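Peer 1: Got a file for you: entry.tsv, TSV, C-alpha atoms.
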```tsv
chain	number	residue	atom	x	y	z
A	784	MET	CA	122.23	107.42	91.63
A	785	ALA	CA	120.05	104.32	91.40
A	786	GLU	CA	121.61	103.45	88.02
A	787	ALA	CA	124.67	102.24	89.95
A	788	LEU	CA	122.70	99.05	90.61
A	789	SER	CA	122.89	96.84	87.51
A	790	ARG	CA	119.68	96.07	85.68
A	791	HIS	CA	120.18	92.34	86.24
A	792	ARG	CA	120.72	92.78	89.97
A	793	LEU	CA	117.72	95.10	90.27
A	794	SER	CA	115.50	92.66	88.38
A	795	LYS	CA	116.64	89.78	90.58
A	796	LEU	CA	116.01	91.83	93.74
A	797	ILE	CA	112.50	92.81	92.67
A	798	GLY	CA	111.79	89.19	91.74
A	799	SER	CA	112.76	88.10	95.25
A	800	ILE	CA	110.45	90.77	96.73
A	801	TYR	CA	107.49	89.51	94.70
A	802	ASP	CA	108.17	85.90	95.72
A	803	CYS	CA	107.47	87.03	99.30
A	804	ALA	CA	103.83	87.74	98.38
A	805	LEU	CA	103.28	84.00	98.06
A	806	ASP	CA	105.82	82.83	100.64
A	807	PRO	CA	106.43	85.27	103.54
A	808	GLU	CA	109.24	83.03	104.81
A	809	ARG	CA	111.38	84.45	101.99
A	810	TRP	CA	111.43	87.97	103.46
A	811	GLU	CA	114.78	87.50	105.18
A	812	ASP	CA	116.47	86.78	101.84
A	813	ALA	CA	114.70	89.70	100.16
A	814	LEU	CA	115.63	92.04	103.02
A	815	ALA	CA	119.25	90.95	102.75
A	816	GLY	CA	119.15	91.93	99.08
A	817	ILE	CA	117.58	95.30	99.92
A	818	ARG	CA	120.17	95.93	102.64
A	819	ASP	CA	123.06	95.14	100.33
A	820	ALA	CA	121.64	97.22	97.46
A	821	LEU	CA	121.34	100.21	99.79
A	822	ASN	CA	124.82	99.61	101.26
A	823	ALA	CA	123.39	99.31	104.77
A	824	GLN	CA	124.18	97.29	107.89
A	825	THR	CA	120.65	96.14	108.79
A	826	ALA	CA	117.20	95.90	107.19
A	827	VAL	CA	113.78	95.46	108.78
A	828	LEU	CA	110.23	94.77	107.61
A	829	HIS	CA	107.71	95.50	110.34
A	830	LEU	CA	104.01	95.66	111.19
A	831	ASP	CA	103.40	97.54	114.42
A	832	ASP	CA	100.43	97.59	116.78
A	833	LEU	CA	100.34	101.27	117.74
A	834	SER	CA	97.56	100.76	120.29
A	835	HIS	CA	99.63	98.45	122.47
A	836	ASP	CA	103.19	99.44	121.46
A	837	ARG	CA	104.11	95.99	120.22
A	838	LEU	CA	105.46	94.39	117.05
A	839	LEU	CA	103.15	92.03	115.17
A	840	ILE	CA	105.61	91.23	112.37
A	841	TYR	CA	109.32	91.89	112.60
A	842	ARG	CA	111.60	90.38	109.96
A	843	THR	CA	115.22	91.49	110.21
A	844	VAL	CA	118.68	90.89	108.79
A	845	GLY	CA	121.96	92.07	110.28
A	846	ILE	CA	120.72	92.56	113.85
A	847	GLU	CA	122.08	90.35	116.63
A	848	PRO	CA	119.54	88.76	119.04
A	849	TYR	CA	120.81	90.86	121.96
A	850	TRP	CA	120.10	94.11	120.15
A	851	LEU	CA	116.68	92.87	119.07
A	852	GLU	CA	115.84	92.43	122.75
A	853	GLN	CA	117.16	95.88	123.56
A	854	GLN	CA	115.26	97.49	120.71
A	855	ALA	CA	111.98	96.01	121.93
A	856	LYS	CA	112.38	98.03	125.14
A	857	HIS	CA	112.32	101.27	123.13
A	858	ILE	CA	109.20	100.59	121.04
A	859	PRO	CA	107.08	103.26	122.84
A	860	GLU	CA	109.67	105.96	122.04
A	861	ILE	CA	110.04	104.80	118.43
A	862	HIS	CA	106.27	104.82	117.89
A	863	ALA	CA	105.79	108.20	119.57
A	864	ARG	CA	108.43	109.82	117.38
A	865	LEU	CA	107.14	108.28	114.13
A	866	ILE	CA	103.52	109.22	114.91
A	867	GLU	CA	104.59	112.81	115.64
A	868	ASP	CA	106.53	113.03	112.38
A	869	LEU	CA	103.79	111.35	110.32
A	870	ALA	CA	101.22	113.89	111.50
A	871	ALA	CA	102.97	116.48	109.31
A	872	TRP	CA	104.38	114.13	106.68
A	873	PRO	CA	103.87	115.26	103.06
A	874	SER	CA	103.41	111.80	101.51
A	875	LEU	CA	103.85	108.11	102.25
A	876	GLU	CA	106.10	108.05	99.17
A	877	VAL	CA	108.68	110.19	101.00
A	878	PRO	CA	111.16	108.26	103.18
A	879	HIS	CA	111.88	109.22	106.76
A	880	VAL	CA	115.65	109.72	107.16
A	881	VAL	CA	117.03	110.26	110.65
A	882	SER	CA	119.94	112.45	109.52
A	883	ARG	CA	117.53	114.71	107.62
A	884	HIS	CA	114.37	114.72	109.71
A	885	ILE	CA	115.39	114.25	113.35
A	886	PRO	CA	116.92	117.27	115.16
A	887	PRO	CA	120.44	116.61	116.54
A	888	GLY	CA	119.27	117.78	119.94
A	889	TYR	CA	116.69	115.02	120.06
A	890	LEU	CA	119.29	112.37	119.18
A	891	GLU	CA	121.51	113.53	122.05
A	892	THR	CA	118.75	112.94	124.60
A	893	SER	CA	117.04	109.93	123.01
A	894	ARG	CA	117.53	106.74	125.01
A	895	TYR	CA	116.82	104.68	121.88
A	896	PHE	CA	119.62	106.29	119.88
A	897	GLN	CA	122.07	106.54	122.76
A	898	GLU	CA	121.46	103.07	124.28
A	899	CYS	CA	120.59	101.00	121.22
A	900	LEU	CA	121.76	102.46	117.91
A	901	LYS	CA	124.95	104.27	118.94
A	902	PRO	CA	126.55	101.24	120.69
A	903	GLN	CA	126.08	99.27	117.45
A	904	GLY	CA	127.84	101.98	115.47
A	905	LEU	CA	124.63	102.81	113.55
A	906	VAL	CA	124.55	106.45	112.45
A	907	ASP	CA	121.51	106.75	110.16
A	908	VAL	CA	118.15	105.07	109.53
A	909	MET	CA	115.92	105.37	106.46
A	910	SER	CA	112.29	104.24	106.82
A	911	PHE	CA	109.63	103.78	104.15
A	912	PHE	CA	105.96	103.61	105.11
A	913	LEU	CA	103.77	100.93	103.52
A	914	ILE	CA	100.57	101.23	105.55
A	915	HIS	CA	99.54	103.77	108.18
A	916	THR	CA	96.23	103.46	110.05
A	917	PRO	CA	95.13	104.65	113.51
A	918	THR	CA	96.24	101.31	114.97
A	919	ARG	CA	98.76	99.89	112.49
A	920	LEU	CA	102.03	101.02	110.96
A	921	ALA	CA	103.85	98.90	108.39
A	922	GLY	CA	107.09	99.72	106.67
A	923	PHE	CA	110.62	98.72	105.86
A	924	ALA	CA	113.81	100.37	107.02
A	925	VAL	CA	117.57	100.14	106.68
A	926	ALA	CA	120.25	101.39	109.06
A	927	ARG	CA	123.81	102.33	108.12
A	928	HIS	CA	126.99	101.80	110.12
A	929	GLU	CA	129.44	104.63	110.69
A	930	ARG	CA	131.82	103.09	108.16
A	931	GLN	CA	129.07	103.42	105.50
A	932	GLY	CA	128.18	107.01	106.36
A	933	ILE	CA	124.80	108.71	106.34
A	934	ILE	CA	122.04	108.11	103.78
A	935	THR	CA	122.60	109.90	100.45
A	936	GLU	CA	120.37	110.78	97.51
A	937	ARG	CA	121.44	107.55	95.81
A	938	GLU	CA	119.88	105.41	98.59
A	939	ILE	CA	116.78	107.59	98.76
A	940	GLU	CA	116.20	107.27	95.01
A	941	LEU	CA	116.77	103.51	94.98
A	942	GLY	CA	114.59	103.04	98.06
A	943	ARG	CA	111.74	104.95	96.40
A	944	LEU	CA	112.15	102.76	93.32
A	945	LEU	CA	111.78	99.62	95.48
A	946	LEU	CA	108.90	101.02	97.58
A	947	PRO	CA	105.96	100.21	95.23
A	948	HIS	CA	107.26	96.66	94.74
A	949	VAL	CA	107.54	96.03	98.49
A	950	ARG	CA	104.11	97.63	99.04
A	951	ARG	CA	102.54	95.51	96.30
A	952	SER	CA	104.03	92.31	97.73
A	953	VAL	CA	102.94	93.12	101.30
A	954	MET	CA	99.40	94.11	100.27
A	955	ILE	CA	98.84	91.06	98.07
A	956	SER	CA	100.20	88.85	100.82
A	957	ASN	CA	97.77	90.56	103.19
A	958	MET	CA	94.89	89.49	100.91
A	959	LEU	CA	95.85	85.82	101.09
A	960	ASP	CA	94.80	83.42	103.83
A	961	ILE	CA	97.65	80.96	103.28
A	962	SER	CA	101.34	81.28	104.07
A	963	THR	CA	102.90	79.55	101.08
A	964	ILE	CA	101.80	78.41	97.63
A	965	GLU	CA	103.71	75.42	96.33
A	966	ARG	CA	103.70	74.45	92.67
A	967	ALA	CA	102.49	70.90	93.32
A	968	ARG	CA	99.39	72.25	95.05
A	969	MET	CA	99.04	75.52	93.14
A	970	ALA	CA	95.49	74.97	91.84
A	971	GLU	CA	94.30	73.64	95.19
A	972	ALA	CA	95.90	76.52	97.09
A	973	LEU	CA	94.51	79.20	94.77
A	974	ASP	CA	91.02	77.67	94.90
A	975	ALA	CA	91.15	77.83	98.69
A	976	LEU	CA	91.55	81.62	98.60
A	977	THR	CA	88.45	83.72	99.18
A	978	CYS	CA	89.74	86.46	96.90
A	979	ALA	CA	89.57	86.02	93.13
A	980	VAL	CA	92.86	85.16	91.40
A	981	VAL	CA	93.54	84.88	87.66
A	982	LEU	CA	96.88	83.81	86.16
A	983	THR	CA	97.57	85.16	82.65
A	984	ASN	CA	100.22	85.05	79.95
A	985	ASP	CA	101.71	88.13	78.29
A	986	ARG	CA	98.62	88.60	76.09
A	987	GLY	CA	96.25	88.45	79.05
A	988	ALA	CA	95.09	84.93	78.14
A	989	ILE	CA	93.56	83.15	81.15
A	990	LEU	CA	95.78	80.24	82.20
A	991	HIS	CA	94.08	79.55	85.52
A	992	ALA	CA	91.21	81.09	87.47
A	993	ASN	CA	90.45	80.01	91.00
A	994	ARG	CA	86.87	79.30	92.14
A	995	SER	CA	86.14	82.89	93.19
A	996	ALA	CA	87.45	84.23	89.87
A	997	THR	CA	85.53	81.59	87.87
A	998	HIS	CA	82.32	82.59	89.64
A	999	MET	CA	83.04	86.24	88.90
A	1000	LEU	CA	83.75	85.51	85.22
A	1001	GLN	CA	80.55	83.51	84.83
A	1002	SER	CA	78.21	85.81	86.74
A	1003	GLY	CA	78.71	89.03	84.79
A	1004	GLY	CA	80.97	90.58	87.42
A	1005	PRO	CA	83.66	93.24	86.95
A	1006	ILE	CA	85.89	90.89	84.92
A	1007	GLN	CA	85.09	88.94	81.74
A	1008	ASP	CA	86.45	86.06	79.68
A	1009	VAL	CA	86.48	87.37	76.10
A	1010	HIS	CA	87.74	84.59	73.82
A	1011	ASP	CA	89.93	83.30	76.68
A	1012	ILE	CA	91.40	86.79	77.29
A	1013	LEU	CA	90.93	88.48	80.67
A	1014	GLN	CA	89.03	91.75	80.28
A	1015	ALA	CA	87.49	94.20	82.69
A	1016	THR	CA	83.90	95.29	82.10
A	1017	ILE	CA	85.10	98.91	82.09
A	1018	PRO	CA	87.34	99.64	79.05
A	1019	SER	CA	89.68	101.96	80.96
A	1020	ALA	CA	90.23	99.28	83.60
A	1021	SER	CA	90.99	96.73	80.87
A	1022	LYS	CA	93.56	99.10	79.39
A	1023	GLU	CA	95.38	99.51	82.71
A	1024	LEU	CA	95.18	95.79	83.47
A	1025	HIS	CA	96.77	94.90	80.16
A	1026	SER	CA	99.38	97.64	80.54
A	1027	ALA	CA	100.37	96.13	83.89
A	1028	ILE	CA	100.41	92.61	82.45
A	1029	MET	CA	102.58	93.75	79.55
A	1030	LEU	CA	105.01	95.47	81.92
A	1031	ALA	CA	105.05	92.37	84.12
A	1032	ALA	CA	106.04	90.30	81.08
A	1033	GLN	CA	108.64	92.70	79.70
A	1034	ASP	CA	110.28	94.26	82.76
A	1035	GLU	CA	108.72	93.93	86.18
A	1036	ALA	CA	111.22	96.46	87.54
A	1037	SER	CA	109.43	99.24	85.62
A	1038	ILE	CA	105.87	98.32	86.62
A	1039	GLY	CA	105.90	100.77	89.56
A	1040	LYS	CA	102.34	101.71	90.54
A	1041	THR	CA	100.76	100.45	87.32
A	1042	GLY	CA	98.26	97.75	88.23
A	1043	LEU	CA	98.67	98.30	91.96
A	1044	ALA	CA	95.04	99.39	92.40
A	1045	VAL	CA	92.88	99.13	89.25
A	1046	ARG	CA	89.26	100.09	89.91
A	1047	LEU	CA	86.98	97.57	88.18
A	1048	THR	CA	83.62	99.16	89.01
A	1049	GLU	CA	81.87	102.37	87.98
A	1050	PRO	CA	82.04	105.35	90.38
A	1051	ASN	CA	78.40	104.88	91.42
A	1052	LEU	CA	78.94	101.24	92.48
A	1053	PRO	CA	80.76	99.75	95.49
A	1054	PRO	CA	84.46	99.73	94.54
A	1055	VAL	CA	86.22	96.49	93.60
A	1056	PHE	CA	89.93	96.63	92.79
A	1057	ALA	CA	92.48	94.45	91.03
A	1058	ARG	CA	96.16	94.18	91.92
A	1059	VAL	CA	98.62	92.73	89.44
A	1060	LEU	CA	101.54	90.65	90.72
A	1061	PRO	CA	104.35	89.99	88.18
A	1062	MET	CA	105.02	86.26	87.84
A	1063	ALA	CA	107.85	85.95	85.30
A	1064	GLY	CA	110.77	86.63	87.64
A	1065	GLY	CA	111.69	84.97	90.89
A	1066	GLU	CA	112.15	81.28	91.58
A	1067	LEU	CA	108.85	80.59	93.32
A	1068	ARG	CA	106.47	82.41	90.97
A	1069	ALA	CA	108.12	81.20	87.76
A	1070	GLY	CA	108.02	77.64	89.08
A	1071	MET	CA	104.29	77.71	89.86
A	1072	GLU	CA	103.08	78.21	86.29
A	1073	PRO	CA	105.91	78.65	83.76
A	1074	ALA	CA	103.71	80.33	81.13
A	1075	ALA	CA	102.21	82.84	83.58
A	1076	VAL	CA	103.60	86.39	83.62
A	1077	ALA	CA	100.98	87.94	85.93
A	1078	ALA	CA	98.57	87.03	88.72
A	1079	VAL	CA	95.57	89.33	89.07
A	1080	PHE	CA	94.18	89.49	92.63
A	1081	ILE	CA	90.69	91.00	92.99
A	1082	GLY	CA	89.30	92.27	96.27
A	1083	ASN	CA	86.79	94.73	97.67
A	1084	ALA	CA	87.63	98.20	98.88
A	1085	PRO	CA	87.73	98.88	102.63
A	1086	ASP	CA	84.74	100.38	104.41
A	1087	GLU	CA	84.62	104.05	103.45
A	1088	HIS	CA	84.54	105.28	107.06
A	1089	ASP	CA	87.53	103.15	108.08
A	1090	ALA	CA	89.42	104.20	104.94
A	1091	ALA	CA	88.66	107.89	105.55
A	1092	ASP	CA	89.81	107.62	109.16
A	1093	MET	CA	93.04	105.94	108.04
A	1094	LEU	CA	93.79	108.66	105.50
A	1095	ALA	CA	92.88	111.31	108.05
A	1096	THR	CA	95.52	109.91	110.39
A	1097	ALA	CA	98.11	109.56	107.63
A	1098	PHE	CA	97.65	113.06	106.18
A	1099	GLY	CA	96.31	115.14	109.05
A	1100	LEU	CA	92.79	115.71	107.70
A	1101	THR	CA	90.33	117.69	109.81
A	1102	LEU	CA	87.09	116.10	111.04
A	1103	ALA	CA	85.10	118.00	108.40
A	1104	GLU	CA	87.48	116.89	105.64
A	1105	THR	CA	87.29	113.30	106.87
A	1106	ARG	CA	83.48	113.31	106.68
A	1107	VAL	CA	83.59	114.66	103.13
A	1108	LEU	CA	86.18	112.05	102.17
A	1109	ALA	CA	84.10	109.20	103.61
A	1110	SER	CA	81.09	110.31	101.59
A	1111	LEU	CA	83.11	110.56	98.37
A	1112	LEU	CA	84.68	107.15	98.98
A	1113	ALA	CA	81.15	105.76	99.30
A	1114	GLY	CA	80.51	106.89	95.72
A	1115	HIS	CA	78.51	110.05	96.42
A	1116	THR	CA	78.88	113.17	94.30
A	1117	LEU	CA	79.91	116.55	95.72
A	1118	ALA	CA	76.29	117.72	95.62
A	1119	GLU	CA	75.06	114.57	97.38
A	1120	THR	CA	77.83	114.90	99.95
A	1121	ALA	CA	76.91	118.51	100.63
A	1122	ALA	CA	73.25	117.59	101.07
A	1123	SER	CA	73.93	114.67	103.40
A	1124	LEU	CA	76.30	116.73	105.57
A	1125	HIS	CA	74.00	119.80	105.48
A	1126	ILE	CA	76.72	122.11	104.15
A	1127	ALA	CA	77.02	124.24	101.03
A	1128	THR	CA	78.42	122.67	97.86
A	1129	THR	CA	81.10	125.38	97.79
A	1130	THR	CA	82.15	124.36	101.30
A	1131	THR	CA	82.33	120.73	100.20
A	1132	LYS	CA	84.51	121.76	97.25
A	1133	THR	CA	86.81	123.68	99.60
A	1134	HIS	CA	87.18	120.60	101.82
A	1135	LEU	CA	87.96	118.48	98.74
A	1136	ASP	CA	90.59	120.97	97.59
A	1137	ASN	CA	92.18	120.80	101.04
A	1138	ILE	CA	92.17	116.99	100.87
A	1139	PHE	CA	93.86	117.12	97.47
A	1140	GLN	CA	96.50	119.51	98.79
A	1141	LYS	CA	97.26	117.40	101.86
A	1142	THR	CA	97.37	114.06	100.03
A	1143	GLY	CA	99.23	115.36	96.98
A	1144	VAL	CA	96.64	114.27	94.39
A	1145	SER	CA	94.50	116.35	92.03
A	1146	ARG	CA	91.60	114.07	91.06
A	1147	GLN	CA	89.06	111.92	92.91
A	1148	ALA	CA	90.18	108.88	90.90
A	1149	ASP	CA	93.73	109.38	92.15
A	1150	LEU	CA	92.41	109.80	95.68
A	1151	MET	CA	90.76	106.36	95.46
A	1152	ARG	CA	93.99	104.88	94.13
A	1153	LEU	CA	95.81	106.36	97.11
A	1154	VAL	CA	93.31	104.68	99.45
A	1155	MET	CA	93.96	101.30	97.85
A	1156	GLN	CA	97.72	101.80	98.01
A	1157	ILE	CA	97.87	102.38	101.75
A	1158	VAL	CA	94.72	100.72	103.14
A	1159	PRO	CA	94.38	96.92	103.18
A	1160	PRO	CA	91.18	95.44	101.67
A	1161	ALA	CA	88.36	95.01	104.18
A	1162	GLY	CA	86.80	91.93	102.62
A	1163	GLN	CA	86.98	89.68	99.60
A	1164	PRO	CA	84.42	88.67	97.01
A	1165	SER	CA	82.44	85.61	97.95
A	1166	PRO	CA	82.59	82.57	95.66
```
Transcribe the structure of this file into structure tokens.

Peer 2:
Amino acid sequence: MAEALSRHRLSKLIGSIYDCALDPERWEDALAGIRDALNAQTAVLHLDDLSHDRLLIYRTVGIEPYWLEQQAKHIPEIHARLIEDLAAWPSLEVPHVVSRHIPPGYLETSRYFQECLKPQGLVDVMSFFLIHTPTRLAGFAVARHERQGIITEREIELGRLLLPHVRRSVMISNMLDISTIERARMAEALDALTCAVVLTNDRGAILHANRSATHMLQSGGPIQDVHDILQATIPSASKELHSAIMLAAQDEASIGKTGLAVRLTEPNLPPVFARVLPMAGGELRAGMEPAAVAAVFIGNAPDEHDAADMLATAFGLTLAETRVLASLLAGHTLAETAASLHIATTTTKTHLDNIFQKTGVSRQADLMRLVMQIVPPAGQPSP
């Protein structure tokens, strides 16, 4: 099982993943660590344009240039198969494993498997989905050589353990409008960001706040400076923030989803979320601000209609369910949603129950968290 990976090695691997949030050029090293931990031959981090069957980001380790060229020829087939499988997929937390989810008959006739994977001796591929929208698909994947055998429960468990850390790093990186933050220019680089960023120590004490965060702290926004301690205006949000900061200080490997999407605003207000990036481990982050254990990134939620459409694609929601979801994401109650859509409240409740069943959550708060986990922020707070 995943315990076969030593705690020190796991901590070092997760630290390298989080360094990539601030310096995307480090992804090759992090992917090499993921590949080795999962006893695989290759590893890939990708962002795909589904509308035009092209790769926007493609970081790889273990794949020779010739096979990269060959693989590019099979992108339409790869996308078509993944989109078909995702339409009935139970959760983005569940990995897609070729040996478990692709019929043998398909593999025998697939040009991609027969002309690209098989000649390399690759016998299995495990893919994890980070983001899925109508036009974008992001994820990471590993492929195993015949000498390594097919994917086992050990790799699935370890991959699921790494998934929230990779997702957190990719999503925070997606919020930033710079490629690398260097220690010598840390304050300047953070101040240049449009999103609010606060660096804290293990007690939540504010060590640095960029311009956007300073404006938010001074203007009575969703975060506060209480005797130099970062607090959220909402007590429950403060509790989760400080839980994530404490985990970041003690053991970033166990932080999981805590602090990945902390809602800072009341349900009746436009949503603003915080994401906590552990800072204690990893060479880059520890070198930026030695006393910092966490960086809190604050950004707005995506437009409710775009977010609803994205979840509809990811989880196979009907048009009626998507309309109900968009209304709820906008902060409306069930009664208000029913009135605006001219349907009975009981019908609205039925649609919500169906949404819960399809997405695997049981509360509206968890539904919003799910949105923030798989949908990139649409905009950032203005300074």

Peer 1: Write out as a list in words which residues come within 9 Å of Asp985 (chain A) when counting all atoms listed in the file, dropping same-chain ones fewer than 3 positions away.

Peer 2: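 My list of contacting residues is Ala988, His1025, Ile1028, Met1029, Leu1030, Ala1031, Ala1032, Gln1033, Ala1074, Ala1075, Val1076 and Ala1077 of chain A.
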
Peer 1: One decimal, in Å: what's the spacing between CA of Gly932 (chain A) and CA of Val906 (chain A)?

Peer 2: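 Computed distance, CA of Gly932 (chain A) to CA of Val906 (chain A), equals 7.1 Å.
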
Peer 1: Please provide as a ChimeraX atom specification all residues within 12 Å of Ile846 (chain A), with the sequence filter that same-chain residues fewer than 3 positions apart are discarded (counting only C-alpha atoms).

Peer 2: /A:811,814-815,818,823-827,841-843,849-854,899-900,903-905,925-928

Peer 1: Rounded to one decimal place, report the CA of Pro1050 (chain A)-CA of Leu946 (chain A) distance in Å.

Peer 2: 28.1 Å

Peer 1: Taking (108.8, 88.4, 105.3) in the coordinates of the supplied file, I want to know which residues reach to within 9 Å of it, counting all atoms listed in the file; could you give the answer as a list in words?

Peer 2: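 Protein, DNA and RNA residues close to (108.8, 88.4, 105.3): Cys803, Ala804, Asp806, Pro807, Glu808, Arg809, Trp810, Glu811, Asp812, Ala813, Leu814, Leu828, His829, Ile840, Tyr841, Arg842, Thr843 and Val953 of chain A.
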
Peer 1: How many Å separate CA of His879 (chain A) from CA of Phe912 (chain A)?

Peer 2: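 Spanning CA of His879 (chain A) to CA of Phe912 (chain A) is a straight-line distance of 8.3 Å.
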
Peer 1: If you count only C-alpha atoms, which residues fall within 12 Å of region 1000-1005 of chain A, apart from same-chain ones fewer than 4 positions away, as a VMD selection string?

Peer 2: chain A and resid 979 to 981 989 991 to 996 1009 1011 to 1018 1020 to 1021 1045 to 1049 1052 to 1057 1081 to 1083 1164 to 1166

Peer 1: Rank nothing, just name the residue among A:Leu1100, A:Ala1063, A:Leu1153, A:Val908 nearest to Ala871 (chain A), using only C-alpha atoms.

Peer 2: A:Leu1100

Peer 1: So which one's closest to His791 (chain A), A:Glu1035, A:Val881, A:Glu938, A:Pro902? Using only C-alpha atoms, please.

Peer 2: A:Glu1035
